[in-house]
Structures are given as structure tokens and as C-alpha cells.
Amino acid sequence: MSIFTAIDQQILFWLNGSDSLFTDGVISTLTAGTTWIPLYIALFYLVLKNNETMAQVLLTVGCAAVCVLVTAGITNLIIKPLVARPRPCDDPLIKYTVDVVSGISAGNYSFFSAHAANTSALVMFLALLIRNRLFIVAMIIWSLLNCYTRLYLGVHYPSDILCGLLFGSLMGFIAYVVYLKIYLKISPQFHYVSSHYSSTGYALDDIDVVVCVMVLTILYAIIRSLLM
């Protein structure tokens, strides 16, 4: 076993699982894609409210959607089958020492994490698009929270998460470059900017709505686990 592999596994063991059914419930809820549907709706509301034309809205939503779809496609259809790294919970060498949560299953391979790649791609694109400190911090926390759930559940190694974050960030940056080139052609006029807006013209009140939805979603996961 290489030193890198040993370190990768050791970090996983530190972050993987717990003896708390409550924490298991919270993490299981937060790792589900459907849990974050309200956040995606809030982000769509933010884009819809802060763009002047339907062409701008379609461009923004289209670039974000294509960015995530391409990132997911490359991750799941090319990288994972090519590397073919077993997930920790399926690796015959360590699977009996990895804590797993009942009802949680993960097919396919481990390297690299689609959760990490997809969320970081979206975060990078939106961070460059909106450029508001509170929004960026909240979105980074959202991405890292999704990444942590994959380590807690034992379905990814830390290196899977790190590489996924790096790849996703690169894809998000590329998507923003494409968006900006098209946007400047269809929108020669810039947004009016004041103390009530981000530097790119997104209303701070609308950004607060997105952050509130994120916080409420996390509270939902906590309350749901308490009631289970």
C-alpha cells in the first residue's frame, strides 16, 4: 500500500460514520438530490428576477445546466469507468471497517465524486456570475456539505472529493467564460449598481432569499431526523 493510499484511507476513517442515528438521518437527507430542489428553485428565482430579458435568463440557466450536465457526463461516463476505482464501502480490503448507513446505496465507481464535481461546477459558475461575498460563502458551504456527506456515508475517498472539486471548478470557470462572451453580445448595457446590489447587478434582497432557503433546507434535514 502506498503512503498516499494509506493517508487517503486514514482521513476517510476520521470522517466516516458515527454511532448516532440522528446524524445518520441528517446526512442521509442532505446527500439526496431531491432535498435541494427548493434551493434550485430559489436560484432560478434569483436569475429570473435579476435579468432584464428572457434571452439573458435562458443564457444563464442554459450555461448552468449544460455545465452541470457535461460535468456529470464526463465524470460518470468517462472518468469513473476508465479509472474503475471501487467505492470504500465496496472495496474488499476495507469495506468491513467502513461505517455504512442503512438504506444508502451507491452504484458505479468511486473516482472521482460526481457530487463534488457537480456542486463545485455550479458554485464556481454562480460565484463568478453574482459576485457577492455572502452568496459565495453560502454556496461553498453547500458544496462542502454535500462532499462531507459522501465521506460520512463511506461512498468516496477524500481524494475522490478533492479531484471532483478541482475538476468541477474548472468546468464552472469554462462555463462562465462562454456565458460572458455570449452575454456581452446580447446585453451591451450593464445593470445599474448601488449599495442594494452586488457588483454584477444582483439584488442583495434576492440573494438573501437563496441563503434563507439553504438554511431552512438544513433545518428541515435536522427536524426530519428528529422525527424519524
# chains A, B, ... in the order shown; residues from 1 in each chain; ligands from 1
$ select_by_dssp --residues "stretch 56-166 of chain A" --states "helix (DSSP H, G or I)" --output "MDAnalysis selection string"
chainID A and resid 56:83 114:130 133:152 158:166
$ residues_around --residues "A:Gln9" --least-positions-apart "3" --cutoff "8 Å" --atoms "only C-alpha atoms" --output "count of residues only"
6
$ closest_atom_pairs --of "stretch 57-165 of chain A" --to "stretch 29-33 of chain A" --cutoff "8 Å" --atoms "only C-alpha atoms" --output "Markdown table"
| residue | atom | partner | partner_atom | distance |
| --- | --- | --- | --- | --- |
| A:Asn146 | CA | A:Thr31 | CA | 5.9 |
| A:Thr149 | CA | A:Thr31 | CA | 5.8 |
| A:Arg150 | CA | A:Thr31 | CA | 7.3 |
$ closest_residue --among "A:Met54, A:Phe173, A:Trp36, A:Leu166" --to "A:Leu128" --atoms "only C-alpha atoms"
A:Phe173
$ closest_residue --among "A:Leu129, A:Leu219, A:Leu151, A:Thr75" --to "A:Phe167" --atoms "only C-alpha atoms"
A:Thr75
$ residues_around --residues "A:Tyr45" --least-positions-apart "5" --cutoff "12 Å" --atoms "only C-alpha atoms" --output "PyMOL selection string"
chain A and resi 38-40+50-51+57+60-61+202-203+205-210+213
$ atom_distance --atom1 "atom CA of A:Leu184" --atom2 "atom CA of A:Met124"
19.4 Å
$ residues_around --residues "stretch 93-104 of chain A" --least-positions-apart "2" --cutoff "6 Å" --atoms "only C-alpha atoms" --output "short mmCIF file (atom, residue, chain, number, x, y, z; two decimals) with N, CA, C and O atoms, in the first residue's frame"
data_model
loop_
_atom_site.label_atom_id
_atom_site.label_comp_id
_atom_site.auth_asym_id
_atom_site.auth_seq_id
_atom_site.Cartn_x
_atom_site.Cartn_y
_atom_site.Cartn_z
N GLY A 17 -18.86 8.06 9.09
CA GLY A 17 -19.81 7.49 10.02
C GLY A 17 -19.76 8.00 11.45
O GLY A 17 -18.94 8.83 11.81
N PRO A 88 -15.21 2.95 -1.27
CA PRO A 88 -14.73 2.41 0.02
C PRO A 88 -15.65 1.33 0.58
O PRO A 88 -15.18 0.32 1.10
N CYS A 89 -16.96 1.56 0.46
CA CYS A 89 -17.91 0.59 1.02
C CYS A 89 -17.97 -0.70 0.21
O CYS A 89 -18.58 -1.69 0.65
N ASP A 90 -17.34 -0.72 -0.98
CA ASP A 90 -17.31 -1.92 -1.81
C ASP A 90 -15.91 -2.52 -1.94
O ASP A 90 -15.76 -3.61 -2.50
N ASP A 91 -14.91 -1.81 -1.45
CA ASP A 91 -13.53 -2.27 -1.56
C ASP A 91 -13.31 -3.46 -0.62
O ASP A 91 -13.47 -3.34 0.59
N LEU A 153 -20.83 8.78 4.56
CA LEU A 153 -21.53 7.57 4.14
C LEU A 153 -20.60 6.48 3.61
O LEU A 153 -21.04 5.38 3.31
#
$ residues_around --residues "A:Phe135" --least-positions-apart "5" --cutoff "10 Å" --atoms "only C-alpha atoms" --output "tab-separated table (two decimals) with C-alpha atoms, in the first residue's frame"
chain	number	residue	atom	x	y	z
A	123	VAL	CA	-20.76	27.12	-7.34
A	126	LEU	CA	-22.63	31.27	-9.92
A	127	ALA	CA	-19.86	32.81	-7.82
A	130	ILE	CA	-23.16	37.04	-8.96
A	140	ILE	CA	-19.21	26.98	-0.88
A	141	ILE	CA	-20.63	25.68	2.40
A	198	SER	CA	-23.85	43.04	-5.99
A	204	LEU	CA	-29.00	41.69	-2.23
A	207	ILE	CA	-29.54	36.79	-2.61
A	208	ASP	CA	-30.79	36.73	0.99
A	210	VAL	CA	-31.39	31.99	-1.59
A	211	VAL	CA	-29.35	31.89	1.61
$ closest_residue --among "A:Tyr179, A:Trp142, A:Tyr220, A:Phe111" --to "A:Leu58" --atoms "only C-alpha atoms"
A:Tyr179
$ atom_distance --atom1 "atom CA of A:Ala221" --atom2 "atom CA of A:Asn132"
26.3 Å
$ closest_residue --among "A:Trp14, A:Phe125, A:Tyr109, A:Tyr152" --to "A:Gly62" --atoms "only C-alpha atoms"
A:Phe125
$ residues_around --residues "A:Ser159" --least-positions-apart "2" --cutoff "10 Å" --atoms "only C-alpha atoms" --output "list of chain:residue names"
A:Phe4, A:Thr5, A:Ile7, A:Asp8, A:Gln9, A:Ile11, A:Leu12, A:Ser110, A:Phe111, A:Phe112, A:Ser113, A:His156, A:Tyr157, A:Ile161, A:Leu162, A:Cys163, A:Gly164, A:Leu165
$ write_last_selection --atoms "all heavy atoms" --output "short mmCIF file (atom, residue, chain, number, x, y, z; two decimals), in the first residue's frame"
data_model
loop_
_atom_site.label_atom_id
_atom_site.label_comp_id
_atom_site.auth_asym_id
_atom_site.auth_seq_id
_atom_site.Cartn_x
_atom_site.Cartn_y
_atom_site.Cartn_z
N PHE A 4 0.28 7.44 -0.06
CA PHE A 4 -0.88 8.23 -0.45
C PHE A 4 -2.19 7.49 -0.15
O PHE A 4 -3.13 8.06 0.41
CB PHE A 4 -0.81 8.55 -1.95
CG PHE A 4 -2.06 9.18 -2.49
CD1 PHE A 4 -2.31 10.53 -2.29
CD2 PHE A 4 -3.00 8.42 -3.18
CE1 PHE A 4 -3.47 11.12 -2.77
CE2 PHE A 4 -4.16 8.99 -3.66
CZ PHE A 4 -4.39 10.35 -3.46
N THR A 5 -2.22 6.21 -0.49
CA THR A 5 -3.42 5.42 -0.24
C THR A 5 -3.70 5.29 1.25
O THR A 5 -4.85 5.38 1.70
CB THR A 5 -3.28 4.01 -0.86
OG1 THR A 5 -3.06 4.14 -2.26
CG2 THR A 5 -4.53 3.18 -0.61
N ILE A 7 -2.83 7.40 3.64
CA ILE A 7 -3.32 8.70 4.14
C ILE A 7 -4.77 8.91 3.72
O ILE A 7 -5.61 9.37 4.51
CB ILE A 7 -2.43 9.85 3.62
CG1 ILE A 7 -1.03 9.74 4.23
CG2 ILE A 7 -3.05 11.21 3.94
CD1 ILE A 7 -0.04 10.74 3.67
N ASP A 8 -5.07 8.57 2.47
CA ASP A 8 -6.43 8.71 1.94
C ASP A 8 -7.42 7.91 2.79
O ASP A 8 -8.49 8.41 3.17
CB ASP A 8 -6.45 8.22 0.50
CG ASP A 8 -7.52 8.88 -0.36
OD1 ASP A 8 -7.96 9.99 0.02
OD2 ASP A 8 -7.88 8.32 -1.39
N GLN A 9 -7.05 6.68 3.11
CA GLN A 9 -7.93 5.84 3.91
C GLN A 9 -8.04 6.33 5.34
O GLN A 9 -9.13 6.31 5.93
CB GLN A 9 -7.41 4.40 3.89
CG GLN A 9 -7.54 3.71 2.54
CD GLN A 9 -7.02 2.28 2.56
OE1 GLN A 9 -6.56 1.78 3.59
NE2 GLN A 9 -7.09 1.60 1.42
N ILE A 11 -7.79 9.42 6.52
CA ILE A 11 -8.66 10.60 6.57
C ILE A 11 -10.12 10.17 6.44
O ILE A 11 -11.01 10.70 7.13
CB ILE A 11 -8.28 11.61 5.47
CG1 ILE A 11 -6.88 12.16 5.70
CG2 ILE A 11 -9.30 12.76 5.42
CD1 ILE A 11 -6.38 13.07 4.60
N LEU A 12 -10.36 9.20 5.56
CA LEU A 12 -11.72 8.69 5.40
C LEU A 12 -12.24 8.13 6.71
O LEU A 12 -13.37 8.41 7.12
CB LEU A 12 -11.76 7.61 4.32
CG LEU A 12 -13.08 6.83 4.21
CD1 LEU A 12 -14.21 7.75 3.76
CD2 LEU A 12 -12.93 5.66 3.24
N SER A 110 -15.87 4.96 -7.76
CA SER A 110 -15.63 5.99 -6.75
C SER A 110 -14.95 7.24 -7.28
O SER A 110 -15.26 8.34 -6.86
CB SER A 110 -14.77 5.38 -5.63
OG SER A 110 -14.57 6.30 -4.59
N PHE A 111 -14.00 7.08 -8.20
CA PHE A 111 -13.15 8.21 -8.62
C PHE A 111 -13.64 8.80 -9.94
O PHE A 111 -13.72 8.10 -10.94
CB PHE A 111 -11.71 7.76 -8.79
CG PHE A 111 -10.76 8.89 -9.08
CD1 PHE A 111 -10.20 9.62 -8.04
CD2 PHE A 111 -10.44 9.23 -10.39
CE1 PHE A 111 -9.32 10.66 -8.31
CE2 PHE A 111 -9.58 10.28 -10.66
CZ PHE A 111 -9.02 10.99 -9.61
N PHE A 112 -13.91 10.13 -9.94
CA PHE A 112 -13.98 10.97 -8.73
C PHE A 112 -15.43 11.26 -8.42
O PHE A 112 -16.31 10.84 -9.16
CB PHE A 112 -13.18 12.28 -8.86
CG PHE A 112 -13.30 12.96 -10.20
CD1 PHE A 112 -14.46 13.61 -10.57
CD2 PHE A 112 -12.25 12.93 -11.08
CE1 PHE A 112 -14.56 14.24 -11.80
CE2 PHE A 112 -12.34 13.55 -12.32
CZ PHE A 112 -13.50 14.20 -12.68
N SER A 113 -15.68 12.01 -7.35
CA SER A 113 -17.04 12.22 -6.87
C SER A 113 -17.85 13.12 -7.78
O SER A 113 -17.48 14.26 -8.04
CB SER A 113 -16.99 12.84 -5.47
OG SER A 113 -18.26 13.31 -5.07
N HIS A 156 -17.09 7.55 -0.87
CA HIS A 156 -15.99 8.19 -1.57
C HIS A 156 -14.78 8.35 -0.64
O HIS A 156 -14.94 8.48 0.58
CB HIS A 156 -16.37 9.58 -2.09
CG HIS A 156 -17.18 9.55 -3.35
ND1 HIS A 156 -16.69 9.05 -4.53
CD2 HIS A 156 -18.43 9.96 -3.61
CE1 HIS A 156 -17.62 9.15 -5.47
NE2 HIS A 156 -18.70 9.69 -4.93
N TYR A 157 -13.61 8.36 -1.25
CA TYR A 157 -12.37 8.69 -0.55
C TYR A 157 -12.17 10.21 -0.60
O TYR A 157 -12.71 10.88 -1.49
CB TYR A 157 -11.18 8.01 -1.22
CG TYR A 157 -11.16 6.51 -1.12
CD1 TYR A 157 -11.65 5.72 -2.15
CD2 TYR A 157 -10.64 5.88 0.02
CE1 TYR A 157 -11.62 4.34 -2.06
CE2 TYR A 157 -10.60 4.50 0.11
CZ TYR A 157 -11.10 3.73 -0.93
OH TYR A 157 -11.07 2.36 -0.84
N ILE A 161 -13.08 13.32 -3.57
CA ILE A 161 -13.71 14.62 -3.33
C ILE A 161 -12.83 15.75 -3.85
O ILE A 161 -13.31 16.66 -4.54
CB ILE A 161 -13.98 14.81 -1.82
CG1 ILE A 161 -14.94 13.73 -1.30
CG2 ILE A 161 -14.53 16.21 -1.56
CD1 ILE A 161 -16.30 13.73 -1.90
N LEU A 162 -11.55 15.71 -3.50
CA LEU A 162 -10.63 16.77 -3.91
C LEU A 162 -10.55 16.89 -5.42
O LEU A 162 -10.65 18.01 -5.97
CB LEU A 162 -9.24 16.51 -3.32
CG LEU A 162 -8.15 17.53 -3.69
CD1 LEU A 162 -8.55 18.92 -3.21
CD2 LEU A 162 -6.81 17.11 -3.10
N CYS A 163 -10.38 15.78 -6.10
CA CYS A 163 -10.28 15.81 -7.57
C CYS A 163 -11.61 16.26 -8.19
O CYS A 163 -11.62 16.98 -9.19
CB CYS A 163 -9.88 14.45 -8.10
SG CYS A 163 -8.17 13.99 -7.68
N GLY A 164 -12.70 15.83 -7.60
CA GLY A 164 -14.01 16.27 -8.09
C GLY A 164 -14.19 17.77 -7.95
O GLY A 164 -14.70 18.43 -8.86
N LEU A 165 -13.76 18.32 -6.82
CA LEU A 165 -13.86 19.77 -6.61
C LEU A 165 -13.02 20.54 -7.62
O LEU A 165 -13.46 21.56 -8.16
CB LEU A 165 -13.42 20.12 -5.18
CG LEU A 165 -14.36 19.71 -4.05
CD1 LEU A 165 -13.70 19.94 -2.70
CD2 LEU A 165 -15.68 20.49 -4.14
#
$ decode --residues "stretch 42-192 of chain A" --atoms "C-alpha atoms" --output "PDB file, in the first residue's frame"
ATOM      1  CA  ALA A  42     -34.542  29.805  -5.308  1.00  0.00           C
ATOM      2  CA  LEU A  43     -31.514  30.065  -7.606  1.00  0.00           C
ATOM      3  CA  PHE A  44     -33.807  30.101 -10.643  1.00  0.00           C
ATOM      4  CA  TYR A  45     -35.854  32.848  -8.963  1.00  0.00           C
ATOM      5  CA  LEU A  46     -32.653  34.820  -8.395  1.00  0.00           C
ATOM      6  CA  VAL A  47     -31.671  34.575 -12.061  1.00  0.00           C
ATOM      7  CA  LEU A  48     -35.200  35.284 -13.312  1.00  0.00           C
ATOM      8  CA  LYS A  49     -35.634  38.329 -11.071  1.00  0.00           C
ATOM      9  CA  ASN A  50     -32.265  39.900 -11.865  1.00  0.00           C
ATOM     10  CA  ASN A  51     -32.046  39.615 -15.635  1.00  0.00           C
ATOM     11  CA  GLU A  52     -33.750  42.097 -17.929  1.00  0.00           C
ATOM     12  CA  THR A  53     -34.637  39.897 -20.897  1.00  0.00           C
ATOM     13  CA  MET A  54     -35.711  36.317 -21.464  1.00  0.00           C
ATOM     14  CA  ALA A  55     -32.605  35.839 -23.613  1.00  0.00           C
ATOM     15  CA  GLN A  56     -30.422  36.656 -20.611  1.00  0.00           C
ATOM     16  CA  VAL A  57     -32.395  34.291 -18.383  1.00  0.00           C
ATOM     17  CA  LEU A  58     -32.174  31.456 -20.905  1.00  0.00           C
ATOM     18  CA  LEU A  59     -28.465  32.076 -21.405  1.00  0.00           C
ATOM     19  CA  THR A  60     -27.766  31.961 -17.663  1.00  0.00           C
ATOM     20  CA  VAL A  61     -29.907  28.907 -16.958  1.00  0.00           C
ATOM     21  CA  GLY A  62     -28.662  27.183 -20.101  1.00  0.00           C
ATOM     22  CA  CYS A  63     -24.986  27.696 -19.284  1.00  0.00           C
ATOM     23  CA  ALA A  64     -25.506  26.486 -15.713  1.00  0.00           C
ATOM     24  CA  ALA A  65     -27.466  23.424 -16.823  1.00  0.00           C
ATOM     25  CA  VAL A  66     -25.047  22.477 -19.618  1.00  0.00           C
ATOM     26  CA  CYS A  67     -22.111  22.981 -17.246  1.00  0.00           C
ATOM     27  CA  VAL A  68     -23.546  20.536 -14.703  1.00  0.00           C
ATOM     28  CA  LEU A  69     -24.687  18.031 -17.351  1.00  0.00           C
ATOM     29  CA  VAL A  70     -21.322  17.991 -19.115  1.00  0.00           C
ATOM     30  CA  THR A  71     -19.502  17.723 -15.784  1.00  0.00           C
ATOM     31  CA  ALA A  72     -21.715  14.820 -14.704  1.00  0.00           C
ATOM     32  CA  GLY A  73     -21.382  13.136 -18.093  1.00  0.00           C
ATOM     33  CA  ILE A  74     -17.591  13.297 -18.144  1.00  0.00           C
ATOM     34  CA  THR A  75     -17.415  12.135 -14.527  1.00  0.00           C
ATOM     35  CA  ASN A  76     -19.850   9.234 -14.723  1.00  0.00           C
ATOM     36  CA  LEU A  77     -19.425   8.077 -18.317  1.00  0.00           C
ATOM     37  CA  ILE A  78     -15.712   8.595 -18.921  1.00  0.00           C
ATOM     38  CA  ILE A  79     -13.595   9.105 -15.795  1.00  0.00           C
ATOM     39  CA  LYS A  80     -15.243   6.590 -13.453  1.00  0.00           C
ATOM     40  CA  PRO A  81     -15.280   3.636 -15.898  1.00  0.00           C
ATOM     41  CA  LEU A  82     -11.759   4.494 -17.046  1.00  0.00           C
ATOM     42  CA  VAL A  83     -10.269   4.561 -13.539  1.00  0.00           C
ATOM     43  CA  ALA A  84     -12.650   1.881 -12.173  1.00  0.00           C
ATOM     44  CA  ARG A  85     -11.814   2.551  -8.533  1.00  0.00           C
ATOM     45  CA  PRO A  86     -14.097   0.674  -6.115  1.00  0.00           C
ATOM     46  CA  ARG A  87     -16.006   2.734  -3.582  1.00  0.00           C
ATOM     47  CA  PRO A  88     -14.728   2.410   0.016  1.00  0.00           C
ATOM     48  CA  CYS A  89     -17.912   0.592   1.017  1.00  0.00           C
ATOM     49  CA  ASP A  90     -17.307  -1.920  -1.814  1.00  0.00           C
ATOM     50  CA  ASP A  91     -13.526  -2.272  -1.564  1.00  0.00           C
ATOM     51  CA  PRO A  92     -12.813  -5.814  -0.290  1.00  0.00           C
ATOM     52  CA  LEU A  93      -9.740  -4.561   1.610  1.00  0.00           C
ATOM     53  CA  ILE A  94     -11.562  -2.035   3.821  1.00  0.00           C
ATOM     54  CA  LYS A  95     -15.309  -2.408   3.335  1.00  0.00           C
ATOM     55  CA  TYR A  96     -15.754  -4.186   6.675  1.00  0.00           C
ATOM     56  CA  THR A  97     -14.142  -1.267   8.528  1.00  0.00           C
ATOM     57  CA  VAL A  98     -16.193   1.425   6.777  1.00  0.00           C
ATOM     58  CA  ASP A  99     -19.359   2.590   8.521  1.00  0.00           C
ATOM     59  CA  VAL A 100     -22.389   2.497   6.244  1.00  0.00           C
ATOM     60  CA  VAL A 101     -25.895   3.809   6.766  1.00  0.00           C
ATOM     61  CA  SER A 102     -28.845   1.504   6.246  1.00  0.00           C
ATOM     62  CA  GLY A 103     -30.794   2.271   3.102  1.00  0.00           C
ATOM     63  CA  ILE A 104     -27.946   4.130   1.404  1.00  0.00           C
ATOM     64  CA  SER A 105     -26.581   2.553  -1.762  1.00  0.00           C
ATOM     65  CA  ALA A 106     -24.191   3.850  -4.394  1.00  0.00           C
ATOM     66  CA  GLY A 107     -23.516   2.124  -7.669  1.00  0.00           C
ATOM     67  CA  ASN A 108     -20.818   2.784 -10.213  1.00  0.00           C
ATOM     68  CA  TYR A 109     -17.249   3.600  -9.213  1.00  0.00           C
ATOM     69  CA  SER A 110     -15.628   5.986  -6.752  1.00  0.00           C
ATOM     70  CA  PHE A 111     -13.153   8.212  -8.619  1.00  0.00           C
ATOM     71  CA  PHE A 112     -13.982  10.969  -8.732  1.00  0.00           C
ATOM     72  CA  SER A 113     -17.039  12.222  -6.867  1.00  0.00           C
ATOM     73  CA  ALA A 114     -19.891  13.425  -9.075  1.00  0.00           C
ATOM     74  CA  HIS A 115     -21.398  15.213  -6.048  1.00  0.00           C
ATOM     75  CA  ALA A 116     -18.183  17.187  -5.598  1.00  0.00           C
ATOM     76  CA  ALA A 117     -17.744  17.879  -9.315  1.00  0.00           C
ATOM     77  CA  ASN A 118     -21.336  18.906  -9.983  1.00  0.00           C
ATOM     78  CA  THR A 119     -21.741  21.153  -6.952  1.00  0.00           C
ATOM     79  CA  SER A 120     -18.371  22.866  -7.369  1.00  0.00           C
ATOM     80  CA  ALA A 121     -19.076  23.471 -11.072  1.00  0.00           C
ATOM     81  CA  LEU A 122     -22.343  25.187 -10.202  1.00  0.00           C
ATOM     82  CA  VAL A 123     -20.757  27.120  -7.341  1.00  0.00           C
ATOM     83  CA  MET A 124     -17.886  28.396  -9.480  1.00  0.00           C
ATOM     84  CA  PHE A 125     -20.207  29.494 -12.276  1.00  0.00           C
ATOM     85  CA  LEU A 126     -22.626  31.266  -9.924  1.00  0.00           C
ATOM     86  CA  ALA A 127     -19.855  32.814  -7.825  1.00  0.00           C
ATOM     87  CA  LEU A 128     -18.338  34.449 -10.920  1.00  0.00           C
ATOM     88  CA  LEU A 129     -21.796  35.437 -12.131  1.00  0.00           C
ATOM     89  CA  ILE A 130     -23.160  37.037  -8.958  1.00  0.00           C
ATOM     90  CA  ARG A 131     -20.013  38.124  -7.064  1.00  0.00           C
ATOM     91  CA  ASN A 132     -21.453  38.624  -3.616  1.00  0.00           C
ATOM     92  CA  ARG A 133     -19.454  37.529  -0.572  1.00  0.00           C
ATOM     93  CA  LEU A 134     -22.385  36.162   1.446  1.00  0.00           C
ATOM     94  CA  PHE A 135     -23.689  34.245  -1.547  1.00  0.00           C
ATOM     95  CA  ILE A 136     -20.278  32.784  -2.383  1.00  0.00           C
ATOM     96  CA  VAL A 137     -19.640  31.674   1.212  1.00  0.00           C
ATOM     97  CA  ALA A 138     -23.099  30.095   1.456  1.00  0.00           C
ATOM     98  CA  MET A 139     -22.675  28.232  -1.829  1.00  0.00           C
ATOM     99  CA  ILE A 140     -19.215  26.979  -0.882  1.00  0.00           C
ATOM    100  CA  ILE A 141     -20.634  25.678   2.404  1.00  0.00           C
ATOM    101  CA  TRP A 142     -23.397  23.947   0.424  1.00  0.00           C
ATOM    102  CA  SER A 143     -20.871  22.240  -1.852  1.00  0.00           C
ATOM    103  CA  LEU A 144     -18.598  21.179   1.007  1.00  0.00           C
ATOM    104  CA  LEU A 145     -21.578  19.899   2.991  1.00  0.00           C
ATOM    105  CA  ASN A 146     -22.538  17.702   0.050  1.00  0.00           C
ATOM    106  CA  CYS A 147     -18.934  16.497  -0.144  1.00  0.00           C
ATOM    107  CA  TYR A 148     -18.835  15.670   3.554  1.00  0.00           C
ATOM    108  CA  THR A 149     -21.963  13.538   3.280  1.00  0.00           C
ATOM    109  CA  ARG A 150     -20.179  11.305   0.762  1.00  0.00           C
ATOM    110  CA  LEU A 151     -17.267  10.742   3.153  1.00  0.00           C
ATOM    111  CA  TYR A 152     -19.592  10.181   6.112  1.00  0.00           C
ATOM    112  CA  LEU A 153     -21.532   7.571   4.135  1.00  0.00           C
ATOM    113  CA  GLY A 154     -18.348   5.808   3.038  1.00  0.00           C
ATOM    114  CA  VAL A 155     -19.030   6.060  -0.686  1.00  0.00           C
ATOM    115  CA  HIS A 156     -15.985   8.192  -1.570  1.00  0.00           C
ATOM    116  CA  TYR A 157     -12.374   8.686  -0.552  1.00  0.00           C
ATOM    117  CA  PRO A 158     -11.056  12.191   0.262  1.00  0.00           C
ATOM    118  CA  SER A 159      -9.022  12.128  -2.958  1.00  0.00           C
ATOM    119  CA  ASP A 160     -12.259  11.495  -4.889  1.00  0.00           C
ATOM    120  CA  ILE A 161     -13.714  14.618  -3.327  1.00  0.00           C
ATOM    121  CA  LEU A 162     -10.630  16.771  -3.906  1.00  0.00           C
ATOM    122  CA  CYS A 163     -10.283  15.814  -7.566  1.00  0.00           C
ATOM    123  CA  GLY A 164     -14.006  16.267  -8.090  1.00  0.00           C
ATOM    124  CA  LEU A 165     -13.858  19.765  -6.609  1.00  0.00           C
ATOM    125  CA  LEU A 166     -10.929  20.742  -8.816  1.00  0.00           C
ATOM    126  CA  PHE A 167     -12.485  19.355 -11.985  1.00  0.00           C
ATOM    127  CA  GLY A 168     -15.869  20.886 -11.243  1.00  0.00           C
ATOM    128  CA  SER A 169     -14.341  24.287 -10.517  1.00  0.00           C
ATOM    129  CA  LEU A 170     -12.531  24.193 -13.860  1.00  0.00           C
ATOM    130  CA  MET A 171     -15.758  23.306 -15.685  1.00  0.00           C
ATOM    131  CA  GLY A 172     -17.617  26.099 -13.897  1.00  0.00           C
ATOM    132  CA  PHE A 173     -14.943  28.592 -14.917  1.00  0.00           C
ATOM    133  CA  ILE A 174     -15.120  27.482 -18.547  1.00  0.00           C
ATOM    134  CA  ALA A 175     -18.914  27.768 -18.487  1.00  0.00           C
ATOM    135  CA  TYR A 176     -18.652  31.324 -17.176  1.00  0.00           C
ATOM    136  CA  VAL A 177     -16.177  32.321 -19.909  1.00  0.00           C
ATOM    137  CA  VAL A 178     -18.612  31.007 -22.532  1.00  0.00           C
ATOM    138  CA  TYR A 179     -21.523  32.758 -20.803  1.00  0.00           C
ATOM    139  CA  LEU A 180     -19.688  36.077 -20.632  1.00  0.00           C
ATOM    140  CA  LYS A 181     -18.751  36.081 -24.312  1.00  0.00           C
ATOM    141  CA  ILE A 182     -22.360  35.487 -25.341  1.00  0.00           C
ATOM    142  CA  TYR A 183     -23.791  37.843 -22.712  1.00  0.00           C
ATOM    143  CA  LEU A 184     -21.720  40.795 -23.903  1.00  0.00           C
ATOM    144  CA  LYS A 185     -23.089  40.269 -27.415  1.00  0.00           C
ATOM    145  CA  ILE A 186     -26.750  40.190 -26.428  1.00  0.00           C
ATOM    146  CA  SER A 187     -26.551  42.636 -23.496  1.00  0.00           C
ATOM    147  CA  PRO A 188     -24.324  45.636 -24.239  1.00  0.00           C
ATOM    148  CA  GLN A 189     -25.831  47.587 -21.349  1.00  0.00           C
ATOM    149  CA  PHE A 190     -24.722  46.805 -17.792  1.00  0.00           C
ATOM    150  CA  HIS A 191     -27.014  46.597 -14.765  1.00  0.00           C
ATOM    151  CA  TYR A 192     -27.445  49.621 -12.551  1.00  0.00           C
TER     152      TYR A 192
END
